[in-house]
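Structure record follows, encoded as structure tokens.
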Amino acid sequence: MRQFHKDGFRNARPLAVVAVVAAVVAMSGCHWFGKRGNPYQQSAQTRPLEVPPDLDKPNTEGAMQAPDATQSVTRSSMGAAQAAPGQAPQASATGFTVAGDRDDIFNKVGTALAATEGVAIASKAQVLGTYDVSYAGSNFLVRVTKVDAGVYVSAVDPRGLPATGDAATKLIAALKTAIGG
């Protein structure tokens with residue numbers, strides 16, 4: 001009897017393993033038997049994104065319209081402060097042109113500024129060609145720019161426009177006499 005009992009368990013063991021595996025596969029949530037098809041039956045987070053037709057492409061109706069001819073700007077109507085690149089602005093009280101190399105003139109301007117009484121140089125940037133100066137209660141930049149005719153030395157306010165104050169005019173006049181422009 002004992003042999004029959006042992007042999008029965010030996011045969012039952014593989015059957016039990018197969019039954020357990022079949023039960024796990026049947027209950028595992030496999031999608032073999034799940035519903036497929038309509039995405040609108042899914043939750044809102046898993047639905048495909050819908051874009052309304054009017055938001056699909058930007059409105060380009062007025063994108064490339066040419067401006068009216070009355071808004072045209074010619075070179076003769078532009079001010080002296082807006083000269084073409086490489087050209088010096090017209091002569092003014094806040095700037096002058098001198099012949100020479102930009103770096104040499106930059107150094108001469110620095111020497112002349114240091115020798116001028118009442119001038120305080122806050123900073124200088126040779127790469128930009130500027131000195132940040134304070135003179136007679138006004139703060140402005142002295143800019144040294146390479147142009148076709150040589151080098152243009154000018155006084156510029158913090159906005160980048162020509163400095164028109166009395167202090168800037170006096171200092172540019174002093175630099176012009178010191179450098180010989």
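Scheme for the structure tokens: letters A, B, ... for chains in order shown; per-chain residue numbers from 1; ligand numbers from 1 in order shown.
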- Mind checking which residues fall within 12 Å of A:Ala178, counting only C-alpha atoms, ignoring those fewer than 4 positions away in the same chain, and posting them as a PyMOL selection string? chain A and resi 98+105+108-116+171-174
- Message: List the spatial neighbours of A:Phe140 as a ChimeraX atom specification - criterion: any atom at most 6 Å away, only C-alpha atoms, same-chain residues fewer than 4 positions off excluded.
- Response: /A:133,156-157
- Task: Please give the complete set of residues from stretch 91-157 of chain A that DSSP, run on the backbone, assigns to alpha helix (DSSP H), formatted as JSON, numbers by chain.
- Result: {"A": [102, 103, 104, 105, 106, 107, 108, 109, 110, 111, 112, 113, 114, 115]}
Store the residues of this selection in a file with C-alpha atoms, as a PDB file, in the first residue's frame.
ATOM      1  CA  ARG A 102      41.160 103.515 -32.753  1.00  0.00           C
ATOM      2  CA  ASP A 103      43.323 101.985 -29.991  1.00  0.00           C
ATOM      3  CA  ASP A 104      45.851 104.834 -30.144  1.00  0.00           C
ATOM      4  CA  ILE A 105      43.108 107.466 -30.011  1.00  0.00           C
ATOM      5  CA  PHE A 106      41.420 105.544 -27.159  1.00  0.00           C
ATOM      6  CA  ASN A 107      44.646 105.770 -25.129  1.00  0.00           C
ATOM      7  CA  LYS A 108      45.062 109.495 -25.994  1.00  0.00           C
ATOM      8  CA  VAL A 109      41.467 110.156 -24.887  1.00  0.00           C
ATOM      9  CA  GLY A 110      42.204 108.353 -21.596  1.00  0.00           C
ATOM     10  CA  THR A 111      45.323 110.463 -21.036  1.00  0.00           C
ATOM     11  CA  ALA A 112      43.413 113.668 -21.849  1.00  0.00           C
ATOM     12  CA  LEU A 113      40.531 112.702 -19.538  1.00  0.00           C
ATOM     13  CA  ALA A 114      42.943 111.983 -16.679  1.00  0.00           C
ATOM     14  CA  ALA A 115      44.624 115.376 -17.226  1.00  0.00           C
TER      15      ALA A 115
END
- Task: Write out as a ChimeraX atom specification each polymer residue whose atoms come within 9 Å of A:Pro162, counting only C-alpha atoms; drop sequence neighbours fewer than 6 positions from it.
- Result: /A:81,94-95,154-156
- Task: Just give me the gap between atom CA of A:Gly180 and atom CA of A:Asp101 in Å, one decimal is fine.
- Result: 14.0 Å
- Task: Assign secondary structure with DSSP using the backbone only, and return the residues of stretch 73-177 of chain A in strand (DSSP E or B) as a PyMOL selection string.
- Result: chain A and resi 92+95-98+119-125+130-135+138-147+150-156+162
Would you output that residue set with N, CA, C and O atoms, as a CSV table (one decimal), in the first residue's frame?
chain,number,residue,atom,x,y,z
A,92,SER,N,29.2,117.8,-34.6
A,92,SER,CA,28.3,118.4,-33.6
A,92,SER,C,29.1,118.8,-32.4
A,92,SER,O,30.3,118.5,-32.3
A,95,GLY,N,30.7,115.6,-30.5
A,95,GLY,CA,31.5,114.7,-31.1
A,95,GLY,C,32.4,115.3,-32.2
A,95,GLY,O,32.1,116.3,-32.7
A,96,PHE,N,33.5,114.6,-32.5
A,96,PHE,CA,34.4,115.0,-33.5
A,96,PHE,C,35.2,113.8,-34.1
A,96,PHE,O,35.3,112.8,-33.4
A,97,THR,N,35.7,114.0,-35.3
A,97,THR,CA,36.4,113.0,-35.9
A,97,THR,C,37.9,113.3,-36.0
A,97,THR,O,38.3,114.5,-36.2
A,98,VAL,N,38.8,112.4,-35.7
A,98,VAL,CA,40.2,112.6,-35.7
A,98,VAL,C,40.9,111.4,-36.5
A,98,VAL,O,40.4,110.3,-36.4
A,119,VAL,N,37.3,115.7,-13.9
A,119,VAL,CA,36.8,114.5,-14.6
A,119,VAL,C,37.2,113.3,-13.7
A,119,VAL,O,38.3,113.2,-13.3
A,120,ALA,N,36.2,112.5,-13.4
A,120,ALA,CA,36.4,111.3,-12.7
A,120,ALA,C,36.0,110.1,-13.6
A,120,ALA,O,34.9,110.0,-14.1
A,121,ILE,N,36.9,109.2,-13.9
A,121,ILE,CA,36.7,108.1,-14.8
A,121,ILE,C,36.2,106.9,-13.9
A,121,ILE,O,37.0,106.4,-13.0
A,122,ALA,N,34.9,106.6,-14.0
A,122,ALA,CA,34.4,105.5,-13.2
A,122,ALA,C,34.8,104.1,-13.7
A,122,ALA,O,35.2,103.2,-13.0
A,123,SER,N,34.9,103.9,-15.0
A,123,SER,CA,35.3,102.7,-15.6
A,123,SER,C,35.7,102.9,-17.1
A,123,SER,O,35.3,104.0,-17.7
A,124,LYS,N,36.4,102.0,-17.7
A,124,LYS,CA,36.8,102.1,-19.1
A,124,LYS,C,36.7,100.7,-19.7
A,124,LYS,O,36.9,99.7,-19.0
A,125,ALA,N,36.3,100.6,-20.9
A,125,ALA,CA,36.3,99.3,-21.6
A,125,ALA,C,36.9,99.5,-23.0
A,125,ALA,O,36.2,100.0,-23.9
A,130,THR,N,34.8,102.7,-24.7
A,130,THR,CA,34.1,103.7,-23.9
A,130,THR,C,34.8,104.0,-22.6
A,130,THR,O,35.5,103.1,-22.0
A,131,TYR,N,34.6,105.2,-22.2
A,131,TYR,CA,34.9,105.6,-20.8
A,131,TYR,C,33.7,106.1,-20.1
A,131,TYR,O,32.9,106.9,-20.7
A,132,ASP,N,33.4,105.6,-18.9
A,132,ASP,CA,32.3,106.1,-18.1
A,132,ASP,C,32.8,107.2,-17.2
A,132,ASP,O,33.6,106.9,-16.3
A,133,VAL,N,32.4,108.4,-17.5
A,133,VAL,CA,33.0,109.6,-16.8
A,133,VAL,C,31.9,110.3,-16.0
A,133,VAL,O,30.7,110.3,-16.4
A,134,SER,N,32.4,111.1,-15.1
A,134,SER,CA,31.5,112.0,-14.3
A,134,SER,C,32.3,113.4,-14.4
A,134,SER,O,33.5,113.5,-14.1
A,135,TYR,N,31.5,114.4,-14.9
A,135,TYR,CA,32.1,115.7,-15.1
A,135,TYR,C,31.1,116.8,-14.8
A,135,TYR,O,30.0,116.7,-15.4
A,138,SER,N,27.5,115.7,-14.1
A,138,SER,CA,26.8,114.9,-15.1
A,138,SER,C,27.6,113.6,-15.3
A,138,SER,O,28.8,113.6,-15.3
A,139,ASN,N,26.9,112.5,-15.5
A,139,ASN,CA,27.5,111.2,-15.8
A,139,ASN,C,27.1,110.9,-17.3
A,139,ASN,O,25.9,110.9,-17.7
A,140,PHE,N,28.1,110.5,-18.0
A,140,PHE,CA,27.9,110.1,-19.4
A,140,PHE,C,29.1,109.3,-19.9
A,140,PHE,O,30.1,109.1,-19.2
A,141,LEU,N,29.0,108.7,-21.1
A,141,LEU,CA,30.0,107.9,-21.7
A,141,LEU,C,30.8,108.7,-22.7
A,141,LEU,O,30.2,109.5,-23.5
A,142,VAL,N,32.1,108.6,-22.8
A,142,VAL,CA,32.9,109.1,-23.9
A,142,VAL,C,33.2,107.9,-24.7
A,142,VAL,O,33.8,106.9,-24.3
A,143,ARG,N,32.7,107.9,-26.0
A,143,ARG,CA,32.8,106.7,-26.9
A,143,ARG,C,33.8,107.0,-28.0
A,143,ARG,O,33.8,108.1,-28.6
A,144,VAL,N,34.7,106.0,-28.3
A,144,VAL,CA,35.7,106.1,-29.3
A,144,VAL,C,35.4,105.0,-30.3
A,144,VAL,O,35.4,103.9,-30.0
A,145,THR,N,35.0,105.4,-31.6
A,145,THR,CA,34.5,104.5,-32.6
A,145,THR,C,35.3,104.7,-33.9
A,145,THR,O,35.5,105.8,-34.3
A,146,LYS,N,35.6,103.5,-34.5
A,146,LYS,CA,36.3,103.5,-35.8
A,146,LYS,C,35.3,103.8,-36.9
A,146,LYS,O,34.2,103.2,-36.9
A,147,VAL,N,35.6,104.8,-37.7
A,147,VAL,CA,34.8,105.2,-38.9
A,147,VAL,C,35.7,105.2,-40.1
A,147,VAL,O,36.9,105.1,-40.0
A,150,GLY,N,38.4,107.9,-40.0
A,150,GLY,CA,39.4,107.9,-38.9
A,150,GLY,C,38.7,107.3,-37.6
A,150,GLY,O,38.2,106.2,-37.7
A,151,VAL,N,38.7,108.1,-36.6
A,151,VAL,CA,38.1,107.7,-35.3
A,151,VAL,C,37.1,108.8,-34.9
A,151,VAL,O,37.5,110.0,-34.9
A,152,TYR,N,35.9,108.4,-34.4
A,152,TYR,CA,34.9,109.4,-34.0
A,152,TYR,C,34.8,109.3,-32.5
A,152,TYR,O,34.6,108.3,-31.9
A,153,VAL,N,35.1,110.5,-31.8
A,153,VAL,CA,35.0,110.6,-30.4
A,153,VAL,C,33.8,111.4,-30.0
A,153,VAL,O,33.5,112.5,-30.6
A,154,SER,N,32.9,110.8,-29.2
A,154,SER,CA,31.6,111.4,-28.9
A,154,SER,C,31.2,111.2,-27.4
A,154,SER,O,31.7,110.3,-26.7
A,155,ALA,N,30.3,112.0,-27.0
A,155,ALA,CA,29.7,111.9,-25.6
A,155,ALA,C,28.3,111.3,-25.8
A,155,ALA,O,27.5,111.8,-26.6
A,156,VAL,N,28.0,110.3,-25.0
A,156,VAL,CA,26.8,109.5,-25.2
A,156,VAL,C,26.1,109.4,-23.8
A,156,VAL,O,26.8,109.1,-22.8
A,162,PRO,N,23.2,110.9,-28.2
A,162,PRO,CA,24.2,111.9,-27.9
A,162,PRO,C,23.9,112.8,-26.7
A,162,PRO,O,22.7,113.2,-26.5
- Message: Can you pull out the residues contacting A:Ala136? Cut-off 9 Å, using only C-alpha atoms, and skip same-chain residues under 6 positions away; I want them as a PyMOL selection string.
- Response: chain A and resi 118-119+166-168
